[in-house]
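What follows is upload.txt (compact mmCIF, N, CA and C atoms).
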# COMPACT_ATOMS: atom_id res chain seq x y z
N MET A 102 52.30 -24.46 100.98
CA MET A 102 52.13 -24.06 102.36
C MET A 102 50.62 -23.91 102.62
N ASN A 103 50.16 -24.51 103.73
CA ASN A 103 48.75 -24.34 104.06
C ASN A 103 48.57 -23.14 104.98
N ILE A 104 47.33 -22.80 105.27
CA ILE A 104 47.02 -21.60 106.05
C ILE A 104 47.62 -21.68 107.45
N TYR A 105 47.63 -22.87 108.04
CA TYR A 105 48.15 -23.02 109.39
C TYR A 105 49.65 -22.77 109.45
N GLU A 106 50.36 -23.27 108.45
CA GLU A 106 51.80 -23.02 108.38
C GLU A 106 52.09 -21.53 108.18
N TRP A 107 51.31 -20.92 107.31
CA TRP A 107 51.50 -19.49 107.04
C TRP A 107 51.24 -18.68 108.31
N LEU A 108 50.15 -18.96 108.99
CA LEU A 108 49.84 -18.24 110.23
C LEU A 108 50.93 -18.45 111.27
N TYR A 109 51.40 -19.67 111.40
CA TYR A 109 52.46 -19.97 112.36
C TYR A 109 53.72 -19.15 112.04
N GLN A 110 54.14 -19.19 110.78
CA GLN A 110 55.37 -18.50 110.39
C GLN A 110 55.27 -16.99 110.50
N HIS A 111 54.11 -16.44 110.21
CA HIS A 111 53.97 -14.98 110.20
C HIS A 111 53.55 -14.36 111.53
N TYR A 112 52.88 -15.13 112.36
CA TYR A 112 52.36 -14.53 113.59
C TYR A 112 52.93 -15.13 114.87
N TYR A 113 53.10 -16.44 114.92
CA TYR A 113 53.58 -17.04 116.16
C TYR A 113 55.10 -17.13 116.22
N ALA A 114 55.72 -17.62 115.18
CA ALA A 114 57.17 -17.86 115.19
C ALA A 114 57.98 -16.62 115.61
N PRO A 115 57.65 -15.42 115.12
CA PRO A 115 58.45 -14.26 115.51
C PRO A 115 58.41 -13.96 117.02
N CYS A 116 57.36 -14.36 117.71
CA CYS A 116 57.28 -14.05 119.15
C CYS A 116 57.34 -15.30 120.01
N ALA A 117 57.65 -16.45 119.43
CA ALA A 117 57.65 -17.71 120.17
C ALA A 117 58.58 -17.69 121.37
N LYS A 118 59.75 -17.11 121.23
CA LYS A 118 60.69 -17.09 122.35
C LYS A 118 60.15 -16.30 123.53
N ASP A 119 59.47 -15.20 123.25
CA ASP A 119 58.89 -14.40 124.33
C ASP A 119 57.80 -15.18 125.06
N VAL A 120 56.98 -15.88 124.31
CA VAL A 120 55.88 -16.63 124.91
C VAL A 120 56.42 -17.80 125.73
N THR A 121 57.35 -18.55 125.17
CA THR A 121 57.85 -19.72 125.88
C THR A 121 58.83 -19.37 127.00
N ALA A 122 59.25 -18.12 127.08
CA ALA A 122 60.12 -17.71 128.18
C ALA A 122 59.41 -17.88 129.52
N SER A 123 58.09 -17.73 129.53
CA SER A 123 57.34 -17.92 130.76
C SER A 123 57.41 -19.37 131.24
N TYR A 124 57.65 -20.28 130.33
CA TYR A 124 57.74 -21.70 130.65
C TYR A 124 58.98 -22.01 131.47
N THR A 125 60.04 -21.25 131.31
CA THR A 125 61.30 -21.55 132.00
C THR A 125 61.16 -21.45 133.51
N GLU A 126 60.21 -20.69 133.98
CA GLU A 126 59.98 -20.58 135.42
C GLU A 126 59.60 -21.94 136.02
N PHE A 127 58.99 -22.78 135.21
CA PHE A 127 58.53 -24.09 135.66
C PHE A 127 59.36 -25.23 135.09
N ALA A 128 60.53 -24.93 134.55
CA ALA A 128 61.34 -25.94 133.88
C ALA A 128 61.72 -27.09 134.80
N ASP A 129 62.09 -26.80 136.04
CA ASP A 129 62.47 -27.87 136.97
C ASP A 129 61.29 -28.79 137.28
N LEU A 130 60.13 -28.20 137.50
CA LEU A 130 58.92 -28.97 137.77
C LEU A 130 58.57 -29.85 136.57
N ALA A 131 58.66 -29.28 135.38
CA ALA A 131 58.35 -30.04 134.16
C ALA A 131 59.35 -31.16 133.94
N GLN A 132 60.60 -30.89 134.19
CA GLN A 132 61.64 -31.91 134.00
C GLN A 132 61.42 -33.08 134.95
N GLU A 133 61.10 -32.81 136.20
CA GLU A 133 60.84 -33.87 137.17
C GLU A 133 59.58 -34.65 136.79
N ALA A 134 58.57 -33.94 136.30
CA ALA A 134 57.34 -34.62 135.88
C ALA A 134 57.63 -35.55 134.70
N ARG A 135 58.38 -35.09 133.73
CA ARG A 135 58.75 -35.94 132.59
C ARG A 135 59.53 -37.16 133.05
N ARG A 136 60.46 -36.95 133.97
CA ARG A 136 61.27 -38.05 134.46
C ARG A 136 60.39 -39.12 135.10
N LEU A 137 59.48 -38.70 135.96
CA LEU A 137 58.59 -39.65 136.62
C LEU A 137 57.74 -40.42 135.61
N LEU A 138 57.20 -39.70 134.63
CA LEU A 138 56.32 -40.34 133.66
C LEU A 138 57.08 -41.29 132.73
N LEU A 139 58.25 -40.89 132.31
CA LEU A 139 59.01 -41.73 131.38
C LEU A 139 59.64 -42.94 132.05
N SER A 140 60.03 -42.78 133.31
CA SER A 140 60.69 -43.89 134.01
C SER A 140 59.68 -44.80 134.71
N GLY A 141 58.49 -44.29 134.96
CA GLY A 141 57.50 -45.08 135.69
C GLY A 141 57.76 -45.13 137.18
N GLU A 142 58.68 -44.29 137.64
CA GLU A 142 59.00 -44.26 139.06
C GLU A 142 57.92 -43.54 139.84
N GLY A 143 57.99 -43.62 141.14
CA GLY A 143 57.04 -42.94 142.01
C GLY A 143 55.73 -43.71 142.13
N THR A 144 54.88 -43.19 142.96
CA THR A 144 53.58 -43.80 143.15
C THR A 144 52.63 -43.38 142.04
N GLU A 145 51.49 -44.03 141.99
CA GLU A 145 50.49 -43.65 140.99
C GLU A 145 50.04 -42.21 141.21
N LEU A 146 49.90 -41.80 142.46
CA LEU A 146 49.51 -40.43 142.76
C LEU A 146 50.57 -39.43 142.28
N GLN A 147 51.86 -39.75 142.48
CA GLN A 147 52.93 -38.86 142.02
C GLN A 147 52.94 -38.74 140.50
N ARG A 148 52.69 -39.85 139.81
CA ARG A 148 52.66 -39.80 138.34
C ARG A 148 51.43 -39.03 137.85
N THR A 149 50.31 -39.18 138.54
CA THR A 149 49.11 -38.42 138.18
C THR A 149 49.35 -36.94 138.39
N ASP A 150 49.97 -36.59 139.51
CA ASP A 150 50.31 -35.18 139.77
C ASP A 150 51.28 -34.65 138.71
N ALA A 151 52.23 -35.49 138.31
CA ALA A 151 53.20 -35.08 137.30
C ALA A 151 52.49 -34.77 135.98
N LEU A 152 51.56 -35.63 135.61
CA LEU A 152 50.81 -35.41 134.38
C LEU A 152 49.99 -34.13 134.46
N ARG A 153 49.36 -33.91 135.58
CA ARG A 153 48.56 -32.69 135.76
C ARG A 153 49.45 -31.45 135.76
N ASN A 154 50.64 -31.55 136.35
CA ASN A 154 51.57 -30.41 136.33
C ASN A 154 51.94 -30.05 134.90
N LEU A 155 52.25 -31.07 134.10
CA LEU A 155 52.59 -30.81 132.70
C LEU A 155 51.41 -30.21 131.95
N GLN A 156 50.22 -30.70 132.20
CA GLN A 156 49.04 -30.14 131.56
C GLN A 156 48.86 -28.67 131.93
N ASP A 157 49.06 -28.35 133.18
CA ASP A 157 48.92 -26.96 133.62
C ASP A 157 49.97 -26.06 132.99
N ILE A 158 51.22 -26.52 132.98
CA ILE A 158 52.31 -25.72 132.41
C ILE A 158 52.10 -25.51 130.93
N TRP A 159 51.86 -26.58 130.20
CA TRP A 159 51.69 -26.48 128.75
C TRP A 159 50.41 -25.75 128.39
N GLY A 160 49.36 -25.97 129.16
CA GLY A 160 48.09 -25.28 128.90
C GLY A 160 48.22 -23.78 129.05
N THR A 161 48.91 -23.36 130.11
CA THR A 161 49.11 -21.93 130.35
C THR A 161 49.97 -21.32 129.25
N THR A 162 51.03 -22.01 128.87
CA THR A 162 51.91 -21.51 127.82
C THR A 162 51.17 -21.45 126.48
N THR A 163 50.37 -22.46 126.19
CA THR A 163 49.60 -22.47 124.95
C THR A 163 48.57 -21.36 124.94
N PHE A 164 47.93 -21.12 126.07
CA PHE A 164 46.96 -20.03 126.17
C PHE A 164 47.64 -18.69 125.90
N ALA A 165 48.81 -18.48 126.51
CA ALA A 165 49.56 -17.24 126.29
C ALA A 165 49.93 -17.09 124.82
N ALA A 166 50.33 -18.20 124.20
CA ALA A 166 50.67 -18.15 122.77
C ALA A 166 49.45 -17.79 121.95
N GLY A 167 48.30 -18.33 122.29
CA GLY A 167 47.06 -18.03 121.56
C GLY A 167 46.65 -16.57 121.71
N ILE A 168 46.79 -16.04 122.91
CA ILE A 168 46.46 -14.62 123.13
C ILE A 168 47.40 -13.74 122.30
N THR A 169 48.69 -14.05 122.35
CA THR A 169 49.67 -13.28 121.58
C THR A 169 49.36 -13.35 120.09
N PHE A 170 49.07 -14.54 119.63
CA PHE A 170 48.73 -14.76 118.23
C PHE A 170 47.48 -13.96 117.85
N GLY A 171 46.45 -14.03 118.66
CA GLY A 171 45.21 -13.29 118.40
C GLY A 171 45.42 -11.79 118.36
N LEU A 172 46.22 -11.28 119.27
CA LEU A 172 46.50 -9.84 119.28
C LEU A 172 47.23 -9.41 118.02
N HIS A 173 48.15 -10.25 117.54
CA HIS A 173 48.84 -9.91 116.30
C HIS A 173 47.86 -9.89 115.12
N LEU A 174 46.94 -10.85 115.09
CA LEU A 174 45.95 -10.87 114.01
C LEU A 174 45.06 -9.64 114.04
N ILE A 175 44.64 -9.25 115.22
CA ILE A 175 43.73 -8.10 115.36
C ILE A 175 44.42 -6.81 114.91
N THR A 176 45.69 -6.67 115.22
CA THR A 176 46.38 -5.41 114.91
C THR A 176 46.93 -5.36 113.49
N ASP A 177 46.91 -6.48 112.78
CA ASP A 177 47.44 -6.51 111.42
C ASP A 177 46.30 -6.35 110.42
N LEU A 178 46.08 -5.14 109.95
CA LEU A 178 44.96 -4.87 109.05
C LEU A 178 45.15 -5.45 107.65
N ASP A 179 46.37 -5.80 107.30
CA ASP A 179 46.63 -6.37 105.98
C ASP A 179 46.48 -7.88 105.97
N PHE A 180 46.09 -8.47 107.07
CA PHE A 180 46.00 -9.92 107.17
C PHE A 180 45.14 -10.54 106.07
N LEU A 181 43.95 -10.02 105.87
CA LEU A 181 43.05 -10.61 104.88
C LEU A 181 43.58 -10.47 103.46
N LYS A 182 44.20 -9.33 103.15
CA LYS A 182 44.75 -9.15 101.81
C LYS A 182 45.87 -10.15 101.54
N GLU A 183 46.71 -10.39 102.54
CA GLU A 183 47.85 -11.29 102.37
C GLU A 183 47.44 -12.75 102.30
N THR A 184 46.34 -13.13 102.94
CA THR A 184 45.95 -14.53 102.99
C THR A 184 44.88 -14.91 101.98
N THR A 185 44.35 -13.97 101.23
CA THR A 185 43.29 -14.27 100.28
C THR A 185 43.69 -15.40 99.32
N PRO A 186 44.89 -15.43 98.75
CA PRO A 186 45.24 -16.55 97.87
C PRO A 186 45.23 -17.89 98.61
N LEU A 187 45.59 -17.89 99.89
CA LEU A 187 45.56 -19.13 100.65
C LEU A 187 44.13 -19.62 100.84
N PHE A 188 43.20 -18.72 101.11
CA PHE A 188 41.81 -19.10 101.29
C PHE A 188 41.20 -19.57 99.99
N GLU A 189 41.57 -18.97 98.87
CA GLU A 189 41.04 -19.38 97.58
C GLU A 189 41.49 -20.78 97.21
N ALA A 190 42.69 -21.16 97.68
CA ALA A 190 43.22 -22.49 97.38
C ALA A 190 42.50 -23.58 98.15
N LEU A 191 41.84 -23.21 99.24
CA LEU A 191 41.13 -24.22 100.04
C LEU A 191 39.89 -24.60 99.35

Target encoding structure tokens, full file:
Amino acid sequence: MNIYEWLYQHYYAPCAKDVTASYTEFADLAQEARRLLLSGEGTELQRTDALRNLQDIWGTTTFAAGITFGLHLITDLDFLKETTPLFEAL
């Protein structure tokens, strides 16, 4: 297991459902954007808007995940002790 997998499993995975729950508010918009992009339907402007909508939705969700992840790291004082063997392996 590399450091990224360990961090994901210990810090992000336990709260992933809470973070991605915010995404469901935009599920219909994202689904329509995916449909337009995958089918090639709509005008070029509609497909560009669809791509930008997906970027906004995923960017916001990813930012929220990063903040949550960072807060968990800051509050976990044992983080360095637990990951020292992983850093030594690098």

Contact residues around Leu155 of chain A with all atoms listed in the file at 8 Å, ignoring same-chain residues under 5 positions, as a tab-separated table (two decimals) with N, CA and C atoms, keeping the file's coordinate frame:
chain	number	residue	atom	x	y	z
A	130	LEU	N	60.13	-28.20	137.50
A	130	LEU	CA	58.92	-28.97	137.77
A	130	LEU	C	58.57	-29.85	136.57
A	131	ALA	N	58.66	-29.28	135.38
A	131	ALA	CA	58.35	-30.04	134.16
A	131	ALA	C	59.35	-31.16	133.94
A	134	ALA	N	58.57	-33.94	136.30
A	134	ALA	CA	57.34	-34.62	135.88
A	134	ALA	C	57.63	-35.55	134.70
A	135	ARG	N	58.38	-35.09	133.73
A	135	ARG	CA	58.75	-35.94	132.59
A	135	ARG	C	59.53	-37.16	133.05
A	149	THR	N	50.31	-39.18	138.54
A	149	THR	CA	49.11	-38.42	138.18
A	149	THR	C	49.35	-36.94	138.39
A	150	ASP	N	49.97	-36.59	139.51
A	150	ASP	CA	50.31	-35.18	139.77
A	150	ASP	C	51.28	-34.65	138.71
A	160	GLY	N	49.36	-25.97	129.16
A	160	GLY	CA	48.09	-25.28	128.90
A	160	GLY	C	48.22	-23.78	129.05
A	161	THR	N	48.91	-23.36	130.11
A	161	THR	CA	49.11	-21.93	130.35
A	161	THR	C	49.97	-21.32	129.25

Given 8 Å of margin on each side, can you work out the centre and size in Å (one decimal) of an axis-aligned box holding every listed atom of segment 154-164 of chain A, as lines of an AutoDock Vina configuration file?
center_x = 49.8
center_y = -25.1
center_z = 130.6
size_x = 21.6
size_y = 28.9
size_z = 27.4

- Item | alpha helix (DSSP H) residues, from DSSP on the backbone, in chain A, as a ChimeraX atom specification | /A:104-108,117-121,128-140,145-176,180-190

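Rounded to one decimal, atom CA of Ala117 of chain A and atom CA of Leu152 of chain A lie 23.7 Å from each other.
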
Within 7 Å of segment 108-114 of chain A, counting all atoms listed in the file, which residues qualify if same-chain residues fewer than 3 places away don't, as a PDB file with N, CA and C atoms, in the frame of the given file?
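Contents of around-v8.pdb, freshly written:
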ATOM      1  N   ASN A 103      50.160 -24.510 103.730  1.00  0.00           N
ATOM      2  CA  ASN A 103      48.750 -24.340 104.060  1.00  0.00           C
ATOM      3  C   ASN A 103      48.570 -23.140 104.980  1.00  0.00           C
ATOM      4  N   ILE A 104      47.330 -22.800 105.270  1.00  0.00           N
ATOM      5  CA  ILE A 104      47.020 -21.600 106.050  1.00  0.00           C
ATOM      6  C   ILE A 104      47.620 -21.680 107.450  1.00  0.00           C
ATOM      7  N   TYR A 105      47.630 -22.870 108.040  1.00  0.00           N
ATOM      8  CA  TYR A 105      48.150 -23.020 109.390  1.00  0.00           C
ATOM      9  C   TYR A 105      49.650 -22.770 109.450  1.00  0.00           C
ATOM     10  N   ALA A 117      57.650 -16.450 119.430  1.00  0.00           N
ATOM     11  CA  ALA A 117      57.650 -17.710 120.170  1.00  0.00           C
ATOM     12  C   ALA A 117      58.580 -17.690 121.370  1.00  0.00           C
ATOM     13  N   LYS A 118      59.750 -17.110 121.230  1.00  0.00           N
ATOM     14  CA  LYS A 118      60.690 -17.090 122.350  1.00  0.00           C
ATOM     15  C   LYS A 118      60.150 -16.300 123.530  1.00  0.00           C
ATOM     16  N   THR A 169      48.690 -14.050 122.350  1.00  0.00           N
ATOM     17  CA  THR A 169      49.670 -13.280 121.580  1.00  0.00           C
ATOM     18  C   THR A 169      49.360 -13.350 120.090  1.00  0.00           C
ATOM     19  N   PHE A 170      49.070 -14.540 119.630  1.00  0.00           N
ATOM     20  CA  PHE A 170      48.730 -14.760 118.230  1.00  0.00           C
ATOM     21  C   PHE A 170      47.480 -13.960 117.850  1.00  0.00           C
ATOM     22  N   HIS A 173      48.150 -10.250 117.540  1.00  0.00           N
ATOM     23  CA  HIS A 173      48.840  -9.910 116.300  1.00  0.00           C
ATOM     24  C   HIS A 173      47.860  -9.890 115.120  1.00  0.00           C
ATOM     25  N   LEU A 174      46.940 -10.850 115.090  1.00  0.00           N
ATOM     26  CA  LEU A 174      45.950 -10.870 114.010  1.00  0.00           C
ATOM     27  C   LEU A 174      45.060  -9.640 114.040  1.00  0.00           C
TER      28      LEU A 174
END

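Across the structure, atom CA of Arg136 of chain A and atom CA of Ile158 of chain A are spaced 15.4 Å apart.
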
- Message: When you count all atoms listed in the file, which of these residues is closest to Thr162 of chain A: A:Tyr124, A:Gln132, A:Leu137, A:Pro115?
- Response: A:Tyr124

- Of the listed residues A:Ala122, A:Leu138, A:Ile175, A:Ala166, that which approaches Asn154 of chain A most closely, counting only C-alpha atoms: A:Leu138

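Our summary of the geometry notes that atom N of Asp129 of chain A is positioned 27.9 Å from atom CA of Gly171 of chain A.
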